[in-house]
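Structure first, commentary second.
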Amino acid sequence: MHLVPNAIQFTTLGSDDLVRLYAYPAHPDSPWIRVNFIASIDGATTIDGRSGALGGPADRTVFSTLRDLADVVLVGGGTARAENYGGARTDAHRRIRLHHHGLGGDPAGTPPPIAVVTARADIDPAGRLLTDTDRPPLILTTTAADAGRKRALSAAGAEVIEAGETTVTPAAISAALAERGMLRVLFEGGPSLFGDLIAAGLVDELCLTVSPMLVGGSSTRIAMAPTASPTPMVMRHALLDDDGSVLTRWERG
């Protein structure tokens with residue numbers, strides 16, 4: 001008996017089926033911000049500070065598909081540091097094919113860049129984000145951030161973008177990405193920036209994997225903010241894997 005009514009069995013789906021299920025809107029004229037998170041059934045987003053231990057094969061497959069479809073991967077500085085982010089790894093042939101069909105991807109098959117939001121430009125220029133990547137990252141920071149840090153990041157190859165005086169607002173993030181033609185946005189964390197995006201009304205879609213695991217501990221929720229911003233969402237699909245993982249896709253109503 002299925003635990004999720006009308007859920008699609010994940011094992012019946014092929015690569016093209018997943019592309020169809022997760023395709024962005026055709027020809028977006030402004031950034032469409034898709035959020036991707038995983039949480040345990042008791043709401044934990046990490047185990048010992050990392051999200052990877054929650055995911056199974058189905059979640060990793062969808063994670064790869066979402067990156068293949070995206071123009072840019074957006075992440076907060078804290079998540080980039082905690083998860084030791086490097087450059088995105090994608091399927092070059094699929095990226096070319098997706099571009100040919102107008103579904104995102106890239107004409108040369110190159111992966112999407114990582115865009116990191118950090119008001120203080122607090123990213124190690126010798127870290128994986130700069131040294132283990134096929135595309136230079138974007139650092140969305142402020143004019144008030146330390147000038148030496150910004151120079152070091154630029155010298156290491158990053159595109160440093162001053163997107164505010166002392167803070168980087170969701171509106172400034174969206175505008176900076178739009179200026180660069182990066183309209184298919186995949187946001188991967190963390191909770192505080194997700195809360196800011198919700199409060200700004202800029203979350204178009206949430207892809208949430210529910211991991212069949214009880215974790216306990218003190219992990220945060222997927223979104224955190226000082227005040228609530230109720231946003232009605234409509235479920236587009238639920239995929240059920242054999243291990244009990246439920247992969248859902250929600251769109252703003």
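Naming works like this for the structure tokens: A, B, ... for the chains as they're shown, residue 1 at the start of each chain, ligands 1 onward in shown order.
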
- Residues of region 3-243 of chain A in helix (DSSP H, G or I), written as JSON, numbers by chain: {"A": [10, 11, 12, 15, 16, 17, 18, 19, 20, 21, 22, 52, 53, 54, 57, 58, 59, 60, 61, 62, 63, 64, 65, 66, 67, 68, 69, 77, 78, 79, 80, 81, 82, 92, 93, 94, 95, 96, 97, 98, 99, 100, 128, 129, 130, 131, 147, 148, 149, 150, 151, 152, 153, 154, 155, 170, 171, 172, 173, 174, 175, 176, 177, 178, 179, 191, 192, 193, 194, 195, 196, 197, 198, 199]}

- Would you please give, as a ChimeraX atom specification, all residues of region 21-209 of chain A that DSSP assigns to strand (DSSP E or B) based on the backbone? /A:32-40,47,50,72-76,114-117,138-141,159-162,184-187,205-209

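All residues of protein, DNA or RNA that reach within 9 Å of Pro111 (chain A), judged by only C-alpha atoms and not counting those fewer than 3 positions away in the chain, are Arg67, Asp68, Ala70, Asp71, Val72, Gly87, Ala88, Arg89, Thr90, Asp91, Ala92, Arg95, Gly105, Asp106, Asp134 and Arg135 of chain A.
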
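Closest approach to Asp42 (chain A) among A:Leu186, A:Val210, A:Leu240, A:Val234 is made by A:Val210 (distances from only C-alpha atoms).
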
- Using only C-alpha atoms, the shortest atom-to-atom distance to Phe10 (chain A) among A:Asp59, A:Leu69, A:Leu98, A:Gly195 belongs to A:Asp59

- Polymer residues at most 10 Å from Pro230 (chain A), only C-alpha atoms, same-chain spacing of 5 or more positions, as a PyMOL selection string: chain A and resi 198-199+201

For N, CA and C atoms, I'd like the residues from the last selection saved as a PDB file, in the first residue's frame.
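After the write, out.pdb holds the following:
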```
ATOM      1  N   ILE A 198      11.405  33.773   0.963  1.00  0.00           N
ATOM      2  CA  ILE A 198       9.965  33.626   1.191  1.00  0.00           C
ATOM      3  C   ILE A 198       9.352  34.972   1.552  1.00  0.00           C
ATOM      4  N   ALA A 199       9.991  35.680   2.487  1.00  0.00           N
ATOM      5  CA  ALA A 199       9.461  36.968   2.935  1.00  0.00           C
ATOM      6  C   ALA A 199       9.379  37.970   1.789  1.00  0.00           C
ATOM      7  N   GLY A 201       8.714  37.206  -1.257  1.00  0.00           N
ATOM      8  CA  GLY A 201       7.786  36.716  -2.283  1.00  0.00           C
ATOM      9  C   GLY A 201       8.468  36.238  -3.543  1.00  0.00           C
TER      10      GLY A 201
END
```

- Task: Extract, using only C-alpha atoms, all DNA, RNA and protein residues at most 7 Å from region 211-221 of chain A, discarding same-chain residues fewer than 5 positions from it, and format them as a ChimeraX atom specification.
- Result: /A:38-46,54-55,191,244-246

Those same residues, written as a PDB file, in the first residue's frame with C-alpha atoms?
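Result file result18.pdb:
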```pdb
ATOM      1  CA  ILE A  38      15.877  17.478   1.920  1.00  0.00           C
ATOM      2  CA  ALA A  39      14.510  16.889   5.414  1.00  0.00           C
ATOM      3  CA  SER A  40      13.936  13.893   7.651  1.00  0.00           C
ATOM      4  CA  ILE A  41      10.385  12.938   8.668  1.00  0.00           C
ATOM      5  CA  ASP A  42      10.959  14.790  11.960  1.00  0.00           C
ATOM      6  CA  GLY A  43      12.123  17.915  10.133  1.00  0.00           C
ATOM      7  CA  ALA A  44      15.917  17.719  10.414  1.00  0.00           C
ATOM      8  CA  THR A  45      17.811  19.190   7.465  1.00  0.00           C
ATOM      9  CA  THR A  46      21.255  17.885   8.434  1.00  0.00           C
ATOM     10  CA  LEU A  54      19.869  12.187   4.602  1.00  0.00           C
ATOM     11  CA  GLY A  55      19.732  11.461   0.878  1.00  0.00           C
ATOM     12  CA  PRO A 191      17.548  28.220   5.904  1.00  0.00           C
ATOM     13  CA  GLY A 244      10.374   5.191   1.413  1.00  0.00           C
ATOM     14  CA  SER A 245      11.774   8.541   0.267  1.00  0.00           C
ATOM     15  CA  VAL A 246       9.103  10.925  -1.018  1.00  0.00           C
TER      16      VAL A 246
END
```

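With only C-alpha atoms as the atoms that count, the residue of A:Leu208, A:Ala23, A:Ala223, A:Ile123 with the shortest distance to Tyr85 (chain A) is A:Ile123.
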
- Of the candidates A:Gly190, A:Gly157, A:Pro226, A:Pro232, which one gets nearest to Gly76 (chain A) if we count only C-alpha atoms? A:Gly190

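If you measure from each of A:Leu66, A:Ile139, A:Ile8, A:Ala228 to Asp242 (chain A) using only C-alpha atoms, the closest one turns out to be A:Ile8.
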
- Task: Determine, counting only C-alpha atoms, which protein, DNA and RNA residues have an atom within 6 Å of an atom of region 77-81 of chain A; residues of the same chain fewer than 5 positions away are not included. Present the result as an MDAnalysis selection string.
- Result: chainID A and resid 116:118 190

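The spacing separating CA of Asp17 (chain A) from CA of Pro57 (chain A) amounts to 16.4 Å.
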